[in-house]
Amino acid sequence: MPDSSPSEGSPAYQRVLLKLSGEAFGDGGKNSGISLSETLDIAHQLKRVVQTGVQLAIVVGGGNILRGAHFSAGLQTIRPATADTMGMLATVLNGLALQDTLETLDIETRLLSAVPMDSVCEPYIRRRAIRHLEKGRVVILAGGTGNPFVTTDTAAALRGRELGVDILMKATRVDGVYDSDPEKNPYAEKYQRLTYMKVLQDRLKVMDLGAFEMCSEARLPILVFNYTRTGAIEDAIRGRPVGTIVAAESPQ
């Protein structure tokens, strides 16, 4: 859990798993593909985070390039398992883009994929990933879990537990968890803190149910926040009040 009063510039967590959706690499949803300017903006934020001393692992999505569920719909000429595999490969493209962008900013990284492709990146091995983190390298995790029919939310929860992180941070374009859809209901209320039980009882959308249950079982806190707000990732790492945090203790 975070330090109750982190000092200015210091991280509130020692090791963090950041889930970045594919849209973080796109052009604000306007165009598909990878936006170099958006990726650079994310990289600058991550550089400032790493400079605080936090150990950072990042699970990347691939929706800006291809979403398996959407790709297998329509004519159904591509099987769902194949479409999901294509989606996993899309996450590797985003991982490569983020890796090179971070390294142009002099941040040492390692790209690990659950889908073996030795000529492109390292295979995901838990002990190796932990060693990279201990050496201060940003670990970029691509390829989801390496299996179809599983989302990158589940990959984030799984890797978070495997790597022993202090918190899973889900970076989205929504500034937290609401009691209803804020785009449909102008009176929707945002939660500051939630318990795992409250999320289940009210059927609140935090992340995929399987991923959420994995975090709940391990009492791994989840922070949902809007990464597009200036300095949001840095504020989240420093334990400042951004987004909505889901944890085991009662809401305050």
# chains A, B, ... in the order shown; residues from 1 in each chain; ligands from 1

call {"tool": "residues_around", "arguments": {"residues": "Asp27 of chain A", "least_positions_apart": "4", "cutoff": "9 Å", "atoms": "only C-alpha atoms", "output": "PDB file with N, CA and C atoms, in the first residue's frame"}}
result
ATOM      1  N   GLU A  23      -5.274   2.486 -27.263  1.00  0.00           N
ATOM      2  CA  GLU A  23      -5.661   3.842 -27.671  1.00  0.00           C
ATOM      3  C   GLU A  23      -4.694   4.898 -27.143  1.00  0.00           C
ATOM      4  N   ASN A  31      -7.617   8.366 -35.489  1.00  0.00           N
ATOM      5  CA  ASN A  31      -7.067   7.514 -36.529  1.00  0.00           C
ATOM      6  C   ASN A  31      -6.507   6.240 -35.905  1.00  0.00           C
ATOM      7  N   SER A  32      -6.492   5.179 -36.693  1.00  0.00           N
ATOM      8  CA  SER A  32      -5.879   3.950 -36.217  1.00  0.00           C
ATOM      9  C   SER A  32      -4.373   4.033 -36.419  1.00  0.00           C
ATOM     10  N   GLY A  33      -3.667   3.099 -35.854  1.00  0.00           N
ATOM     11  CA  GLY A  33      -2.220   3.098 -35.985  1.00  0.00           C
ATOM     12  C   GLY A  33      -1.537   3.763 -34.804  1.00  0.00           C
ATOM     13  N   ILE A  34      -0.245   3.991 -34.947  1.00  0.00           N
ATOM     14  CA  ILE A  34       0.572   4.542 -33.867  1.00  0.00           C
ATOM     15  C   ILE A  34       0.873   6.013 -34.136  1.00  0.00           C
ATOM     16  N   SER A  35       0.549   6.855 -33.169  1.00  0.00           N
ATOM     17  CA  SER A  35       0.860   8.275 -33.250  1.00  0.00           C
ATOM     18  C   SER A  35       2.204   8.511 -32.563  1.00  0.00           C
ATOM     19  N   LEU A  36       3.175   8.992 -33.296  1.00  0.00           N
ATOM     20  CA  LEU A  36       4.499   9.223 -32.717  1.00  0.00           C
ATOM     21  C   LEU A  36       4.454  10.292 -31.632  1.00  0.00           C
ATOM     22  N   SER A  37       3.629  11.323 -31.841  1.00  0.00           N
ATOM     23  CA  SER A  37       3.553  12.402 -30.851  1.00  0.00           C
ATOM     24  C   SER A  37       2.896  11.925 -29.559  1.00  0.00           C
ATOM     25  N   GLU A  38       1.827  11.112 -29.669  1.00  0.00           N
ATOM     26  CA  GLU A  38       1.170  10.579 -28.471  1.00  0.00           C
ATOM     27  C   GLU A  38       2.112   9.644 -27.718  1.00  0.00           C
ATOM     28  N   ASN A  64      -5.456   0.113 -30.870  1.00  0.00           N
ATOM     29  CA  ASN A  64      -5.270   1.163 -31.870  1.00  0.00           C
ATOM     30  C   ASN A  64      -4.906   0.582 -33.237  1.00  0.00           C
TER      31      ASN A  64
END

call {"tool": "residues_around", "arguments": {"residues": "Ala211 of chain A", "least_positions_apart": "5", "cutoff": "12 Å", "atoms": "only C-alpha atoms", "output": "JSON, numbers by chain"}}
result
{"A": [145, 150, 151, 152, 153, 154, 155, 156, 157, 158, 159, 160, 161, 168, 170, 205, 206, 216, 217, 218, 220, 222]}

call {"tool": "write_last_selection", "arguments": {"atoms": "C-alpha atoms", "output": "tab-separated table (two decimals), in the first residue's frame"}}
result
chain	number	residue	atom	x	y	z
A	145	THR	CA	-0.94	-13.77	-21.76
A	150	VAL	CA	-8.07	-13.46	-22.77
A	151	THR	CA	-7.90	-9.66	-22.60
A	152	THR	CA	-4.94	-7.48	-21.73
A	153	ASP	CA	-6.78	-6.60	-18.49
A	154	THR	CA	-6.28	-10.23	-17.47
A	155	ALA	CA	-2.67	-10.05	-18.62
A	156	ALA	CA	-2.17	-7.00	-16.41
A	157	ALA	CA	-3.68	-8.71	-13.36
A	158	LEU	CA	-1.66	-11.87	-13.98
A	159	ARG	CA	1.64	-10.05	-14.46
A	160	GLY	CA	0.91	-7.81	-11.50
A	161	ARG	CA	0.58	-10.82	-9.24
A	168	LEU	CA	-2.10	-2.11	-10.69
A	170	LYS	CA	-5.22	1.11	-15.31
A	205	LYS	CA	-17.14	-1.65	-14.51
A	206	VAL	CA	-13.53	-1.55	-13.37
A	216	SER	CA	-9.31	-9.21	-5.39
A	217	GLU	CA	-7.99	-12.62	-4.33
A	218	ALA	CA	-4.49	-11.21	-3.95
A	220	LEU	CA	-3.88	-6.10	-5.12
A	222	ILE	CA	-6.39	-1.16	-8.57

call {"tool": "closest_residue", "arguments": {"among": "A:Ser119, A:Thr244, A:Ser113, A:Thr91", "to": "Gln192 of chain A", "atoms": "only C-alpha atoms"}}
result
A:Thr244

call {"tool": "residues_around", "arguments": {"residues": "Gly22 of chain A", "least_positions_apart": "2", "cutoff": "6 Å", "atoms": "only C-alpha atoms", "output": "mmCIF file with N, CA and C atoms, in the first residue's frame"}}
result
data_model
loop_
_atom_site.group_PDB
_atom_site.id
_atom_site.type_symbol
_atom_site.label_atom_id
_atom_site.label_comp_id
_atom_site.auth_asym_id
_atom_site.auth_seq_id
_atom_site.Cartn_x
_atom_site.Cartn_y
_atom_site.Cartn_z
ATOM 1 N N ALA A 24 -3.904 4.553 -26.118
ATOM 2 C CA ALA A 24 -2.905 5.500 -25.622
ATOM 3 C C ALA A 24 -1.838 5.795 -26.663
ATOM 4 N N PHE A 25 -1.663 4.877 -27.608
ATOM 5 C CA PHE A 25 -0.651 5.041 -28.648
ATOM 6 C C PHE A 25 -1.248 5.633 -29.923
ATOM 7 N N GLY A 61 -1.682 -2.647 -24.619
ATOM 8 C CA GLY A 61 -2.753 -3.185 -25.440
ATOM 9 C C GLY A 61 -2.438 -2.966 -26.908
ATOM 10 N N GLY A 62 -3.378 -3.342 -27.777
ATOM 11 C CA GLY A 62 -3.141 -3.202 -29.211
ATOM 12 C C GLY A 62 -4.350 -2.722 -29.982
ATOM 13 N N GLY A 63 -5.351 -2.192 -29.265
ATOM 14 C CA GLY A 63 -6.606 -1.812 -29.908
ATOM 15 C C GLY A 63 -6.506 -0.708 -30.931
ATOM 16 N N ASN A 64 -5.456 0.113 -30.870
ATOM 17 C CA ASN A 64 -5.270 1.163 -31.870
ATOM 18 C C ASN A 64 -4.906 0.582 -33.237
#

call {"tool": "select_by_dssp", "arguments": {"residues": "segment 37-122 of chain A", "states": "helix (DSSP H, G or I)", "output": "ChimeraX atom specification"}}
result
/A:37-50,68-71,80-104

call {"tool": "write_last_selection", "arguments": {"atoms": "C-alpha atoms", "output": "PDB file, in the first residue's frame"}}
result
ATOM      1  CA  SER A  37       3.553  12.402 -30.851  1.00  0.00           C
ATOM      2  CA  GLU A  38       1.170  10.579 -28.471  1.00  0.00           C
ATOM      3  CA  THR A  39       3.762   7.876 -27.838  1.00  0.00           C
ATOM      4  CA  LEU A  40       6.417  10.507 -27.145  1.00  0.00           C
ATOM      5  CA  ASP A  41       4.122  12.310 -24.713  1.00  0.00           C
ATOM      6  CA  ILE A  42       3.561   9.052 -22.807  1.00  0.00           C
ATOM      7  CA  ALA A  43       7.300   8.370 -22.837  1.00  0.00           C
ATOM      8  CA  HIS A  44       8.111  11.772 -21.332  1.00  0.00           C
ATOM      9  CA  GLN A  45       5.689  11.073 -18.476  1.00  0.00           C
ATOM     10  CA  LEU A  46       7.205   7.636 -17.935  1.00  0.00           C
ATOM     11  CA  LYS A  47      10.714   9.068 -17.894  1.00  0.00           C
ATOM     12  CA  ARG A  48       9.791  11.430 -15.073  1.00  0.00           C
ATOM     13  CA  VAL A  49       8.206   8.507 -13.216  1.00  0.00           C
ATOM     14  CA  VAL A  50      11.305   6.323 -13.563  1.00  0.00           C
ATOM     15  CA  GLY A  68      -9.413  -9.363 -32.132  1.00  0.00           C
ATOM     16  CA  ALA A  69     -13.109  -9.397 -31.169  1.00  0.00           C
ATOM     17  CA  HIS A  70     -13.991  -6.836 -33.824  1.00  0.00           C
ATOM     18  CA  PHE A  71     -11.804  -8.401 -36.473  1.00  0.00           C
ATOM     19  CA  PRO A  80     -11.803 -15.885 -33.189  1.00  0.00           C
ATOM     20  CA  ALA A  81      -8.653 -17.627 -31.921  1.00  0.00           C
ATOM     21  CA  THR A  82      -6.721 -16.370 -34.943  1.00  0.00           C
ATOM     22  CA  ALA A  83      -8.111 -12.850 -34.548  1.00  0.00           C
ATOM     23  CA  ASP A  84      -7.052 -12.786 -30.909  1.00  0.00           C
ATOM     24  CA  THR A  85      -3.569 -13.921 -31.891  1.00  0.00           C
ATOM     25  CA  MET A  86      -3.410 -11.067 -34.392  1.00  0.00           C
ATOM     26  CA  GLY A  87      -4.396  -8.714 -31.577  1.00  0.00           C
ATOM     27  CA  MET A  88      -1.548 -10.042 -29.443  1.00  0.00           C
ATOM     28  CA  LEU A  89       0.886  -9.316 -32.250  1.00  0.00           C
ATOM     29  CA  ALA A  90      -0.466  -5.756 -32.406  1.00  0.00           C
ATOM     30  CA  THR A  91       0.586  -5.257 -28.786  1.00  0.00           C
ATOM     31  CA  VAL A  92       4.145  -6.122 -29.772  1.00  0.00           C
ATOM     32  CA  LEU A  93       4.104  -3.320 -32.365  1.00  0.00           C
ATOM     33  CA  ASN A  94       3.075  -0.845 -29.664  1.00  0.00           C
ATOM     34  CA  GLY A  95       5.698  -2.292 -27.327  1.00  0.00           C
ATOM     35  CA  LEU A  96       8.438  -1.788 -29.917  1.00  0.00           C
ATOM     36  CA  ALA A  97       7.316   1.798 -30.509  1.00  0.00           C
ATOM     37  CA  LEU A  98       7.310   2.570 -26.784  1.00  0.00           C
ATOM     38  CA  GLN A  99      10.662   0.863 -26.241  1.00  0.00           C
ATOM     39  CA  ASP A 100      12.487   2.860 -28.897  1.00  0.00           C
ATOM     40  CA  THR A 101      10.806   6.106 -27.845  1.00  0.00           C
ATOM     41  CA  LEU A 102      11.851   5.622 -24.222  1.00  0.00           C
ATOM     42  CA  GLU A 103      15.380   4.771 -25.251  1.00  0.00           C
ATOM     43  CA  THR A 104      15.653   8.008 -27.262  1.00  0.00           C
TER      44      THR A 104
END

call {"tool": "closest_residue", "arguments": {"among": "A:Arg15, A:Arg79, A:Arg238, A:Arg173", "to": "Pro148 of chain A", "atoms": "only C-alpha atoms"}}
result
A:Arg79

call {"tool": "residues_around", "arguments": {"residues": "Ile130 of chain A", "least_positions_apart": "5", "cutoff": "12 Å", "atoms": "only C-alpha atoms", "output": "VMD selection string"}}
result
chain A and resid 15 to 17 55 to 57 110 112 124 to 125 135 to 141 159 to 165

call {"tool": "closest_residue", "arguments": {"among": "A:Val120, A:His132, A:Ala12, A:Asn226", "to": "Glu108 of chain A", "atoms": "only C-alpha atoms"}}
result
A:His132

call {"tool": "residues_around", "arguments": {"residues": "segment 246-249 of chain A", "least_positions_apart": "5", "cutoff": "6 Å", "atoms": "only C-alpha atoms", "output": "list in words"}}
result
Arg193, Leu194, Thr195, Pro221 and Ile222 of chain A

call {"tool": "write_last_selection", "arguments": {"atoms": "N, CA and C atoms", "output": "compact mmCIF listing (two decimals), in the first residue's frame"}}
result
# COMPACT_ATOMS: atom_id res chain seq x y z
N ARG A 193 -12.95 6.08 -3.68
CA ARG A 193 -12.44 4.78 -3.22
C ARG A 193 -13.57 3.76 -3.23
N LEU A 194 -13.21 2.52 -3.49
CA LEU A 194 -14.18 1.42 -3.50
C LEU A 194 -13.54 0.18 -2.89
N THR A 195 -14.38 -0.69 -2.36
CA THR A 195 -13.90 -2.00 -1.95
C THR A 195 -14.19 -2.98 -3.07
N PRO A 221 -4.33 -3.70 -4.96
CA PRO A 221 -5.11 -2.48 -5.25
C PRO A 221 -5.12 -2.16 -6.74
N ILE A 222 -6.22 -1.57 -7.18
CA ILE A 222 -6.39 -1.16 -8.57
C ILE A 222 -6.69 0.33 -8.60

call {"tool": "select_by_dssp", "arguments": {"residues": "segment 14-155 of chain A", "states": "strand (DSSP E)", "output": "ChimeraX atom specification"}}
result
/A:15-20,55-60,109-113,122-123,138-142

call {"tool": "atom_distance", "arguments": {"atom1": "atom CA of Gly243 of chain A", "atom2": "atom CA of Asp166 of chain A"}}
result
16.9 Å

call {"tool": "residues_around", "arguments": {"residues": "segment 179-182 of chain A", "least_positions_apart": "4", "cutoff": "9 Å", "atoms": "only C-alpha atoms", "output": "list of chain:residue names"}}
result
A:Val174, A:Pro186, A:Tyr187, A:Ala188, A:Glu189, A:Lys190, A:Tyr191, A:Asp202, A:Leu204, A:Lys205

call {"tool": "atom_distance", "arguments": {"atom1": "atom CA of Pro116 of chain A", "atom2": "atom CA of Thr77 of chain A"}}
result
25.6 Å

call {"tool": "atom_distance", "arguments": {"atom1": "atom CA of Gly239 of chain A", "atom2": "atom CA of Asp106 of chain A"}}
result
25.3 Å

call {"tool": "closest_residue", "arguments": {"among": "A:Met197, A:Ile78, A:Met169, A:Met117", "to": "Gly143 of chain A", "atoms": "only C-alpha atoms"}}
result
A:Met117

call {"tool": "closest_residue", "arguments": {"among": "A:Gln51, A:Gly26, A:Ala114, A:Glu122", "to": "Ser10 of chain A", "atoms": "only C-alpha atoms"}}
result
A:Gln51
